[in-house]
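Trainee: File follows, model37.txt with compact mmCIF, C-alpha atoms and all ligand atoms:
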```txt
# COMPACT_ATOMS: atom_id res chain seq x y z
CA MET A 1 -19.04 -63.38 51.26
CA ILE A 2 -22.73 -62.87 51.86
CA ASP A 3 -24.84 -65.82 50.73
CA ASN A 4 -28.12 -64.23 49.63
CA ASN A 5 -29.97 -67.53 49.49
CA ALA A 6 -28.95 -68.42 53.05
CA ALA A 7 -30.03 -64.97 54.23
CA LYS A 8 -33.39 -65.24 52.49
CA LEU A 9 -33.92 -68.72 53.91
CA LEU A 10 -33.17 -67.37 57.40
CA LEU A 11 -35.85 -64.70 57.03
CA GLN A 12 -38.35 -67.24 55.65
CA ARG A 13 -37.69 -69.49 58.62
CA ALA A 14 -38.17 -66.58 61.01
CA ASP A 15 -41.52 -65.89 59.29
CA ALA A 16 -42.55 -69.55 59.63
CA LEU A 17 -41.69 -69.52 63.35
CA ALA A 18 -43.50 -66.22 63.89
CA ALA A 19 -46.67 -67.86 62.55
CA ILE A 20 -46.59 -70.27 65.48
CA SER A 21 -48.27 -68.48 68.34
CA GLU A 22 -50.61 -69.10 71.27
CA ASP A 23 -52.74 -66.20 70.06
CA PRO A 24 -53.93 -65.97 66.43
CA ASP A 25 -53.86 -62.16 66.54
CA LEU A 26 -50.33 -61.59 67.82
CA LEU A 27 -47.08 -63.44 68.45
CA VAL A 28 -46.73 -64.91 71.92
CA ARG A 29 -44.94 -68.19 72.55
CA ARG A 30 -44.40 -69.02 76.18
CA SER A 31 -42.25 -71.86 77.42
CA LEU A 32 -43.72 -75.40 77.59
CA THR A 33 -46.93 -74.56 75.70
CA PRO A 34 -48.39 -76.39 72.65
CA ALA A 35 -47.19 -73.44 70.52
CA MET A 36 -43.65 -73.94 71.82
CA ARG A 37 -43.97 -77.65 71.00
CA ARG A 38 -44.86 -76.86 67.39
CA ALA A 39 -42.08 -74.25 67.07
CA GLN A 40 -39.55 -76.63 68.58
CA ASP A 41 -40.63 -79.51 66.34
CA LEU A 42 -40.27 -77.28 63.28
CA MET A 43 -36.82 -76.17 64.41
CA ALA A 44 -35.89 -79.80 65.14
CA SER A 45 -36.90 -80.79 61.59
CA TRP A 46 -34.56 -78.11 60.18
CA PHE A 47 -31.80 -79.29 62.52
CA ARG A 48 -32.20 -82.87 61.23
CA GLU A 49 -32.21 -81.77 57.58
CA ALA A 50 -28.93 -79.95 58.27
CA GLY A 51 -27.43 -83.22 59.52
CA LEU A 52 -27.53 -82.45 63.24
CA ALA A 53 -28.23 -85.09 65.88
CA VAL A 54 -31.24 -83.74 67.77
CA ARG A 55 -32.26 -84.20 71.37
CA GLU A 56 -34.33 -82.42 73.98
CA ASP A 57 -33.12 -82.19 77.56
CA ALA A 58 -35.27 -82.82 80.65
CA LEU A 59 -36.36 -79.19 80.79
CA GLY A 60 -37.39 -78.93 77.14
CA ASN A 61 -34.31 -77.20 75.72
CA LEU A 62 -33.73 -78.29 72.11
CA ILE A 63 -30.16 -79.29 71.21
CA GLY A 64 -28.73 -80.01 67.76
CA ARG A 65 -25.22 -81.43 67.63
CA LEU A 66 -22.62 -81.67 64.89
CA GLU A 67 -19.77 -83.98 65.86
CA GLY A 68 -16.18 -82.82 65.40
CA THR A 69 -13.19 -84.78 64.16
CA ASP A 70 -11.42 -84.77 67.54
CA PRO A 71 -13.51 -86.29 70.34
CA GLY A 72 -11.18 -84.70 72.89
CA ALA A 73 -11.71 -81.16 71.56
CA GLY A 74 -14.98 -80.59 73.40
CA VAL A 75 -17.95 -78.62 72.16
CA PHE A 76 -18.59 -75.03 71.15
CA LEU A 77 -22.09 -73.76 71.89
CA LEU A 78 -24.22 -71.46 69.74
CA GLY A 79 -27.84 -70.51 70.18
CA SER A 80 -30.52 -68.36 71.72
CA HIS A 81 -34.10 -68.68 72.95
CA LEU A 82 -37.31 -69.81 71.25
CA ASP A 83 -39.80 -68.26 73.69
CA THR A 84 -41.12 -64.73 73.18
CA VAL A 85 -42.68 -61.83 75.01
CA ARG A 86 -46.35 -60.99 74.38
CA ASP A 87 -46.93 -59.25 71.03
CA ALA A 88 -43.35 -60.05 70.08
CA GLY A 89 -41.28 -59.50 66.99
CA LYS A 90 -39.86 -62.31 64.83
CA TYR A 91 -36.17 -62.06 65.58
CA ASP A 92 -35.59 -61.68 69.32
CA GLY A 93 -34.33 -65.18 70.08
CA PRO A 94 -34.92 -67.11 66.82
CA LEU A 95 -32.27 -65.01 65.00
CA GLY A 96 -29.50 -66.53 67.12
CA ILE A 97 -30.69 -70.09 66.52
CA LEU A 98 -31.29 -69.61 62.80
CA THR A 99 -27.91 -67.91 62.23
CA ALA A 100 -26.21 -70.85 63.92
CA LEU A 101 -28.23 -73.24 61.72
CA ALA A 102 -27.15 -71.34 58.60
CA VAL A 103 -23.52 -71.69 59.72
CA VAL A 104 -23.94 -75.47 60.10
CA GLU A 105 -25.47 -75.64 56.62
CA ARG A 106 -22.57 -73.63 55.19
CA LEU A 107 -20.05 -75.91 56.88
CA ARG A 108 -21.81 -78.82 55.26
CA THR A 109 -21.81 -77.38 51.74
CA SER A 110 -18.20 -76.20 52.03
CA GLY A 111 -17.10 -79.61 53.31
CA HIS A 112 -15.34 -78.05 56.30
CA ARG A 113 -14.95 -80.36 59.31
CA LEU A 114 -14.42 -78.79 62.70
CA PRO A 115 -12.16 -80.44 65.28
CA PHE A 116 -14.64 -79.74 68.09
CA ALA A 117 -18.32 -80.54 68.19
CA LEU A 118 -20.76 -77.71 67.53
CA GLU A 119 -24.09 -77.53 69.29
CA ILE A 120 -27.04 -75.28 68.57
CA LEU A 121 -29.12 -74.60 71.66
CA ALA A 122 -32.72 -73.44 71.43
CA PHE A 123 -33.56 -72.44 75.00
CA THR A 124 -37.08 -72.99 76.22
CA ASP A 125 -37.26 -69.87 78.38
CA GLU A 126 -35.40 -66.60 78.38
CA GLU A 127 -38.17 -64.02 78.65
CA GLY A 128 -39.72 -65.50 81.81
CA LEU A 129 -43.22 -64.64 80.57
CA ARG A 130 -44.98 -67.75 81.83
CA PHE A 131 -43.48 -68.45 85.26
CA HIS A 132 -41.90 -65.06 85.97
CA THR A 133 -38.43 -66.55 86.16
CA SER A 134 -36.09 -65.52 83.35
CA TYR A 135 -33.48 -67.79 81.78
CA PHE A 136 -34.64 -71.05 83.34
CA GLY A 137 -33.59 -73.07 80.28
CA SER A 138 -30.05 -71.73 80.06
CA SER A 139 -29.74 -71.65 83.88
CA ALA A 140 -30.34 -75.42 83.94
CA MET A 141 -27.58 -75.96 81.36
CA ALA A 142 -25.24 -73.88 83.51
CA GLY A 143 -26.16 -76.02 86.53
CA GLU A 144 -27.84 -73.04 88.19
CA PHE A 145 -31.46 -74.19 88.14
CA HIS A 146 -33.22 -73.70 91.47
CA PRO A 147 -35.50 -76.72 92.13
CA GLU A 148 -38.07 -74.45 93.83
CA TRP A 149 -38.73 -72.86 90.41
CA LEU A 150 -40.62 -76.07 89.53
CA THR A 151 -43.34 -75.03 91.99
CA MET A 152 -43.84 -71.60 90.41
CA THR A 153 -47.19 -71.28 88.69
CA ASP A 154 -48.44 -69.53 85.57
CA SER A 155 -51.53 -67.30 85.36
CA GLU A 156 -53.76 -70.40 85.17
CA GLY A 157 -52.25 -71.92 88.30
CA ILE A 158 -50.27 -74.58 86.40
CA SER A 159 -46.90 -75.26 87.99
CA MET A 160 -43.70 -75.47 85.98
CA ALA A 161 -43.41 -79.15 86.98
CA GLU A 162 -46.92 -79.92 85.66
CA ALA A 163 -46.32 -77.96 82.45
CA LEU A 164 -43.03 -79.78 81.97
CA ARG A 165 -44.63 -83.22 82.38
CA ALA A 166 -47.37 -82.34 79.88
CA TYR A 167 -44.65 -81.15 77.48
CA GLY A 168 -42.80 -84.45 77.69
CA GLY A 169 -40.00 -83.28 79.98
CA ASP A 170 -38.97 -84.65 83.35
CA PRO A 171 -39.00 -82.38 86.42
CA ASP A 172 -37.16 -85.04 88.43
CA ALA A 173 -34.24 -85.03 85.99
CA VAL A 174 -33.56 -81.30 85.65
CA ALA A 175 -30.09 -81.74 87.18
CA SER A 176 -29.18 -83.80 84.10
CA CYS A 177 -29.47 -80.65 81.93
CA ALA A 178 -26.27 -79.27 83.46
CA ARG A 179 -23.33 -79.34 81.07
CA MET A 180 -19.80 -80.16 82.11
CA ALA A 181 -17.69 -77.02 82.05
CA ARG A 182 -14.49 -78.85 81.11
CA GLU A 183 -16.10 -80.05 77.84
CA VAL A 184 -17.36 -76.64 76.78
CA ARG A 185 -15.07 -74.34 74.77
CA GLY A 186 -17.35 -71.30 74.80
CA TYR A 187 -20.73 -69.89 73.87
CA CYS A 188 -21.57 -67.34 71.21
CA GLU A 189 -25.03 -65.84 70.77
CA VAL A 190 -26.20 -63.80 67.82
CA HIS A 191 -29.04 -61.44 68.78
CA ILE A 192 -30.77 -58.40 67.38
CA GLU A 193 -29.39 -55.31 69.05
CA GLN A 194 -32.76 -54.14 70.44
CA GLY A 195 -31.33 -50.64 70.40
CA PRO A 196 -30.40 -47.94 67.85
CA VAL A 197 -26.57 -47.86 68.06
CA LEU A 198 -25.65 -49.99 65.02
CA GLU A 199 -28.23 -48.23 62.87
CA ALA A 200 -26.76 -44.87 63.92
CA CYS A 201 -23.26 -46.14 63.02
CA GLY A 202 -24.48 -47.55 59.69
CA LEU A 203 -23.16 -51.03 60.48
CA PRO A 204 -24.83 -54.45 60.07
CA VAL A 205 -23.21 -56.10 63.09
CA GLY A 206 -21.33 -55.22 66.27
CA VAL A 207 -19.43 -57.06 68.99
CA VAL A 208 -20.81 -57.01 72.50
CA THR A 209 -18.22 -56.15 75.14
CA GLY A 210 -20.39 -57.17 78.08
CA ILE A 211 -23.87 -57.30 79.46
CA ALA A 212 -24.69 -54.44 81.78
CA GLY A 213 -25.18 -54.94 85.47
CA GLN A 214 -28.41 -53.61 86.87
CA ASP A 215 -29.71 -52.00 90.06
CA ARG A 216 -33.39 -51.68 90.76
CA ALA A 217 -34.72 -49.67 93.66
CA THR A 218 -37.97 -48.25 94.97
CA VAL A 219 -37.69 -44.64 96.10
CA THR A 220 -40.44 -43.20 98.28
CA LEU A 221 -40.70 -39.48 99.04
CA VAL A 222 -42.92 -38.53 101.93
CA GLY A 223 -44.03 -34.90 102.21
CA THR A 224 -47.05 -33.26 103.75
CA PRO A 225 -50.45 -33.55 102.08
CA GLY A 226 -52.65 -30.47 102.27
CA HIS A 227 -55.45 -28.44 100.74
CA ALA A 228 -54.59 -27.24 97.24
CA GLY A 229 -56.33 -23.93 97.93
CA THR A 230 -55.29 -23.00 101.47
CA VAL A 231 -51.61 -23.90 101.90
CA PRO A 232 -49.34 -21.13 100.51
CA MET A 233 -46.64 -22.23 98.10
CA ALA A 234 -43.79 -21.28 100.45
CA LEU A 235 -45.15 -23.50 103.24
CA ARG A 236 -45.60 -26.66 101.19
CA HIS A 237 -43.70 -29.95 101.36
CA ASP A 238 -44.93 -31.34 98.06
CA ALA A 239 -43.69 -34.91 97.55
CA LEU A 240 -44.38 -34.82 93.81
CA CYS A 241 -42.34 -31.66 93.25
CA ALA A 242 -39.43 -33.30 95.10
CA ALA A 243 -39.92 -36.39 92.93
CA ALA A 244 -39.93 -34.28 89.76
CA GLU A 245 -36.66 -32.60 90.72
CA TRP A 246 -35.05 -35.94 91.47
CA ILE A 247 -36.27 -37.54 88.21
CA LEU A 248 -34.51 -34.76 86.28
CA ALA A 249 -31.41 -35.39 88.40
CA VAL A 250 -31.60 -39.07 87.34
CA GLU A 251 -31.68 -38.00 83.73
CA GLY A 252 -28.70 -35.69 84.25
CA GLN A 253 -26.72 -38.31 86.16
CA ALA A 254 -27.37 -40.92 83.52
CA TRP A 255 -25.66 -38.78 80.91
CA ALA A 256 -22.73 -37.86 83.13
CA PRO A 257 -20.62 -41.05 83.45
CA GLU A 258 -20.24 -42.50 79.96
CA GLY A 259 -22.75 -45.21 79.17
CA VAL A 260 -24.84 -45.13 82.35
CA VAL A 261 -28.54 -45.51 81.61
CA ALA A 262 -31.13 -44.77 84.28
CA THR A 263 -34.90 -44.83 84.08
CA VAL A 264 -37.80 -43.90 86.34
CA GLY A 265 -40.53 -45.98 84.77
CA GLN A 266 -43.18 -46.00 87.46
CA ALA A 267 -44.62 -43.26 89.64
CA GLU A 268 -47.43 -43.53 92.12
CA VAL A 269 -48.83 -40.35 93.66
CA ARG A 270 -50.87 -40.37 96.89
CA PRO A 271 -53.49 -39.38 97.69
CA GLY A 272 -53.69 -38.66 93.95
CA ALA A 273 -56.44 -36.06 93.88
CA SER A 274 -56.43 -32.88 91.79
CA ASN A 275 -57.18 -30.65 94.80
CA VAL A 276 -54.75 -32.21 97.29
CA ILE A 277 -51.02 -31.46 97.60
CA PRO A 278 -49.24 -34.77 96.97
CA GLY A 279 -48.18 -36.27 100.30
CA GLU A 280 -46.31 -39.31 99.10
CA VAL A 281 -44.74 -40.46 95.84
CA THR A 282 -43.25 -43.87 95.09
CA LEU A 283 -40.85 -44.15 92.14
CA SER A 284 -39.04 -47.02 90.50
CA LEU A 285 -35.39 -46.71 89.50
CA ASP A 286 -33.65 -48.91 86.92
CA LEU A 287 -29.92 -48.21 86.60
CA ARG A 288 -27.49 -50.06 84.30
CA HIS A 289 -23.86 -50.02 83.25
CA GLN A 290 -21.35 -52.63 82.15
CA ASP A 291 -18.84 -51.55 84.81
CA ASP A 292 -20.08 -52.51 88.28
CA GLY A 293 -17.97 -49.83 89.97
CA ILE A 294 -19.41 -47.03 87.82
CA ARG A 295 -22.93 -48.39 88.34
CA ARG A 296 -22.53 -48.54 92.13
CA GLN A 297 -21.11 -45.01 92.17
CA ALA A 298 -24.02 -43.73 90.09
CA ALA A 299 -26.50 -45.40 92.46
CA GLU A 300 -24.77 -43.80 95.45
CA ASP A 301 -24.76 -40.38 93.79
CA LEU A 302 -28.46 -40.66 93.01
CA GLN A 303 -29.26 -41.67 96.57
CA LEU A 304 -27.29 -38.66 97.90
CA GLU A 305 -29.08 -36.42 95.41
CA ALA A 306 -32.46 -37.70 96.62
CA THR A 307 -31.50 -36.99 100.23
CA GLU A 308 -30.27 -33.49 99.36
CA ILE A 309 -33.45 -32.62 97.44
CA ALA A 310 -35.69 -34.11 100.12
CA THR A 311 -33.90 -32.32 102.96
CA ARG A 312 -34.07 -28.96 101.17
CA ARG A 313 -37.80 -29.44 100.59
CA GLY A 314 -38.70 -30.78 104.04
CA VAL A 315 -39.52 -34.16 102.60
CA VAL A 316 -38.38 -37.58 103.85
CA VAL A 317 -36.87 -40.12 101.45
CA HIS A 318 -36.86 -43.92 101.78
CA TRP A 319 -34.57 -45.88 99.47
CA GLN A 320 -35.34 -49.58 99.08
CA PRO A 321 -33.01 -51.70 96.93
CA ILE A 322 -35.00 -54.33 94.99
CA GLN A 323 -32.41 -56.14 92.95
CA SER A 324 -28.76 -55.90 92.00
CA SER A 325 -27.09 -57.98 89.32
CA ALA A 326 -23.43 -57.80 88.41
CA ALA A 327 -22.25 -57.03 84.89
CA VAL A 328 -21.18 -59.98 82.74
CA PRO A 329 -18.08 -59.22 80.67
CA CYS A 330 -17.71 -61.05 77.37
CA ASP A 331 -14.52 -63.08 76.97
CA PRO A 332 -11.65 -61.00 75.50
CA ASP A 333 -10.40 -63.86 73.28
CA LEU A 334 -13.87 -64.52 71.87
CA ILE A 335 -14.34 -60.76 71.36
CA ASP A 336 -11.06 -60.76 69.40
CA GLY A 337 -12.32 -63.75 67.39
CA LEU A 338 -15.50 -61.90 66.44
CA ALA A 339 -13.55 -58.71 65.66
CA GLN A 340 -11.24 -60.72 63.39
CA ALA A 341 -14.22 -62.29 61.60
CA ILE A 342 -15.82 -58.88 61.12
CA ALA A 343 -12.56 -57.53 59.66
CA GLU A 344 -12.36 -60.51 57.26
CA CYS A 345 -15.88 -59.68 56.11
CA GLY A 346 -14.78 -56.12 55.43
CA TYR A 347 -16.89 -54.26 58.00
CA PRO A 348 -15.63 -51.61 60.38
CA LEU A 349 -15.59 -52.73 64.00
CA CYS A 350 -18.18 -51.45 66.44
CA LYS A 351 -18.01 -52.60 70.05
CA LEU A 352 -21.03 -51.98 72.24
CA ALA A 353 -22.43 -53.01 75.60
CA SER A 354 -25.71 -54.84 75.97
CA GLY A 355 -28.19 -53.04 78.18
CA ALA A 356 -30.57 -56.00 78.07
CA GLY A 357 -30.03 -59.41 79.67
CA HIS A 358 -29.53 -62.52 77.53
CA ASP A 359 -29.00 -66.28 77.88
CA ALA A 360 -25.28 -65.48 77.86
CA VAL A 361 -25.73 -64.20 81.44
CA PRO A 362 -26.47 -67.59 83.08
CA LEU A 363 -24.13 -69.37 80.65
CA SER A 364 -21.26 -67.15 81.78
CA SER A 365 -21.11 -69.24 84.96
CA LEU A 366 -20.52 -72.33 82.78
CA THR A 367 -18.15 -71.05 80.10
CA TRP A 368 -16.66 -68.07 78.22
CA VAL A 369 -19.37 -66.11 76.46
CA ALA A 370 -19.57 -63.77 73.47
CA MET A 371 -22.35 -62.01 71.60
CA LEU A 372 -22.77 -60.57 68.12
CA PHE A 373 -25.46 -57.92 67.71
CA VAL A 374 -27.32 -57.41 64.45
CA ARG A 375 -28.75 -54.04 63.43
CA CYS A 376 -32.51 -53.77 63.89
CA ALA A 377 -34.66 -51.15 62.20
CA GLY A 378 -35.26 -48.12 64.43
CA GLY A 379 -33.80 -50.01 67.38
CA ILE A 380 -37.31 -51.40 67.95
CA SER A 381 -37.70 -54.74 69.73
CA HIS A 382 -40.22 -56.62 71.88
CA ASN A 383 -42.68 -55.38 69.29
CA PRO A 384 -44.17 -56.74 66.02
CA ALA A 385 -42.35 -53.92 64.18
CA GLU A 386 -39.02 -55.64 64.95
CA SER A 387 -37.22 -55.88 61.62
CA ILE A 388 -33.87 -56.80 60.08
CA THR A 389 -32.75 -56.85 56.45
CA ALA A 390 -31.74 -59.93 54.45
CA SER A 391 -28.38 -58.34 53.84
CA ASP A 392 -27.76 -57.87 57.58
CA ALA A 393 -28.86 -61.47 58.23
CA GLY A 394 -26.35 -62.50 55.56
CA ALA A 395 -23.64 -60.44 57.26
CA ALA A 396 -24.37 -62.13 60.59
CA ILE A 397 -24.14 -65.60 59.03
CA ASP A 398 -20.88 -64.67 57.32
CA VAL A 399 -19.31 -63.28 60.51
CA LEU A 400 -20.42 -66.21 62.67
CA TYR A 401 -19.14 -68.70 60.05
CA ARG A 402 -15.71 -67.06 59.94
CA PHE A 403 -15.67 -66.80 63.73
CA ILE A 404 -16.25 -70.57 64.05
CA LEU A 405 -13.52 -71.29 61.47
CA GLY A 406 -11.23 -69.03 63.51
CA GLN A 407 -12.02 -71.04 66.64
CA ALA A 408 -11.13 -74.20 64.71
CA MET A 409 -7.79 -72.68 63.62
CA ASP A 410 -7.03 -71.98 67.29
CA VAL A 411 -7.47 -75.70 68.05
CA ASN A 412 -5.40 -76.83 65.11
CA GLY A 413 -2.70 -74.28 65.98
ZN ZN B 501 -33.76 -62.27 73.35
```
Write out the structure in this file as structure tokens.

Mentor:
Amino acid sequence: MIDNNAAKLLLQRADALAAISEDPDLLVRRSLTPAMRRAQDLMASWFREAGLAVREDALGNLIGRLEGTDPGAGVFLLGSHLDTVRDAGKYDGPLGILTALAVVERLRTSGHRLPFALEILAFTDEEGLRFHTSYFGSSAMAGEFHPEWLTMTDSEGISMAEALRAYGGDPDAVASCARMAREVRGYCEVHIEQGPVLEACGLPVGVVTGIAGQDRATVTLVGTPGHAGTVPMALRHDALCAAAEWILAVEGQAWAPEGVVATVGQAEVRPGASNVIPGEVTLSLDLRHQDDGIRRQAAEDLQLEATEIATRRGVVVHWQPIQSSAAVPCDPDLIDGLAQAIAECGYPLCKLASGAGHDAVPLSSLTWVAMLFVRCAGGISHNPAESITASDAGAAIDVLYRFILGQAMDVNG
């Protein structure tokens, strides 16, 4: 049953957090800044009021813990990140922490005791805005922190180690952030969808099946520059025309295998003059799918397509892979648990893949992960227009609460 007061309180808390920013004109809260300190302290005060034991690890992740009745039953993790992008919305990150907090408060009022401990994690960095390294908070918990990250600097030349010391953390003790896999029962993150699927389906929440793998590549097409007035059309090797044909092929390919998304987001034309035939074009490619095999096949097809177009047009193509990350499947048992909770709440089930990365990615190397998406207005995110309704927030609390009770039933048999 949706608790309207809990939902309203969640939105009020999201408003209060959104008022804590490094910039008075827009919301930006980078890791290890004074604004993050204030946001974390506010969150910590809510954690304490809810009866959680609060601590901060060496890297500045905030952790609130509710002990269970069986010390041998381990801990279930909930949470999300407290940092933001520049000119952010209110819910990307905080929603997952605040939903978990609402669940703890509901457990308290209902008098339910869980066998396992429950922890709410508020990660210090997911967006990677300050040091250009995403997920460093959750990576440390998963034991995947790279010590060289401490030397990375922000735009003012301050290293992560220096920022961490000023924040009250301890760069020499980052290894202590790592959690022991055998104690952890799983991780579930509530997050706004950041896309339009749930809105199109008319549903408040959906279960994430997995987080898409991603390929990034730089594609350079080299033709022959020439005078825009003297070279006849039939004798041209226009790199931009070849690029245009290939970009449309990317769009076509992306629709072909179900669920593939592909984007050319950058294009650089040289020499870039209105009266010169383009001699060289550099394009970016971003390709994602939750099945690594389908993604690899799509990348291969696009590379072949580029070669075919280039050859036909007398243009040379260079394909440079930039990054490749494997898909992260969500745990089938946890997916079933969320589906069960959604059914108990009376909503139809929608399963969807996440095209964006989340803290669940690094945590998947520590434990089983699951995610619940919440409908966001217009699918808009990473933007101040990011918006959810109180009733959808209430639905998310209700589903996560029932999911946690379901996990407890599994322990009790
Ligand atoms: Zn996020």

Trainee: Step by step, measure atom-to-atom distances between ligand ZN 501 (chain B) and each residue using all atoms listed in the file, keep those at most 7 Å, then write them as a ChimeraX atom specification.

Mentor: /A:81,92-93,126,191,358

Trainee: Nearest to Ala200 (chain A): which of A:Arg375, A:Arg30, A:Arg55, A:His146 is it, counting only C-alpha atoms?

Mentor: A:Arg375

Trainee: To one decimal in Å, tell me the separation between CA of Gln214 (chain A) and CA of Val317 (chain A).

Mentor: 21.6 Å

Trainee: Distance CA of Ala262 (chain A)-CA of Glu300 (chain A), one decimal place?

Mentor: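 Straight-line distance from CA of Ala262 (chain A) to CA of Glu300 (chain A) works out to 12.9 Å.
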
Trainee: Could you pull the residues within 12 Å of Pro271 (chain A), counting all atoms listed in the file, minus those fewer than 3 positions along the same chain, as a list of chain:residue names?

Mentor: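 What passes the distance filter is A:Val222, A:Gly223, A:Thr224, A:Pro225, A:Gly226, A:His227, A:Asp238, A:Ala239, A:Leu240, A:Glu268, A:Ser274, A:Asn275, A:Val276, A:Ile277, A:Pro278, A:Gly279, A:Glu280, A:Val281, A:Thr282.
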
Trainee: Sort by chain and increasing residue number a table of all residues of region 172-232 of chain A within 10 Å of region 380-387 of chain A, each with its closest pair of atoms and their distance in Å to one decimal, counting all atoms listed in the file, and write it as CSV.

Mentor:
```
residue,atom,partner,partner_atom,distance
A:Ile192,CA,A:Ser381,CA,8.2
A:Glu193,CA,A:Ser381,CA,8.4
A:Gln194,CA,A:Ser381,CA,5.0
A:Gly195,CA,A:Ile380,CA,6.5
A:Pro196,CA,A:Ile380,CA,7.7
```

Trainee: Which neighbours of region 2-11 of chain A fall inside 10 Å, counting all atoms listed in the file, when residues of the same chain fewer than 4 positions from it are skipped, and could you give them as a ChimeraX atom specification?

Mentor: /A:15-17,90-91,94-95,97-99,101-103,105-106,345,388-399

Trainee: If you measure from CA of Met160 (chain A) to CA of Leu77 (chain A), what distance in Å do you get, rounded to one decimal?

Mentor: 25.9 Å

Trainee: Between A:Glu22, A:Glu49, A:Asp301, A:Glu251, which one has atoms that come closest to Asp83 (chain A), using all atoms listed in the file?

Mentor: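 When distances to Asp83 (chain A) are compared using all atoms listed in the file, the smallest one comes from A:Glu22.
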
Trainee: For Ile211 (chain A), list every protein, DNA or RNA residue within 7 Å, evaluated using only C-alpha atoms, and leave out those in the same chain fewer than 4 positions away; present the list as a PyMOL selection string.

Mentor: chain A and resi 290+327-329+353-357
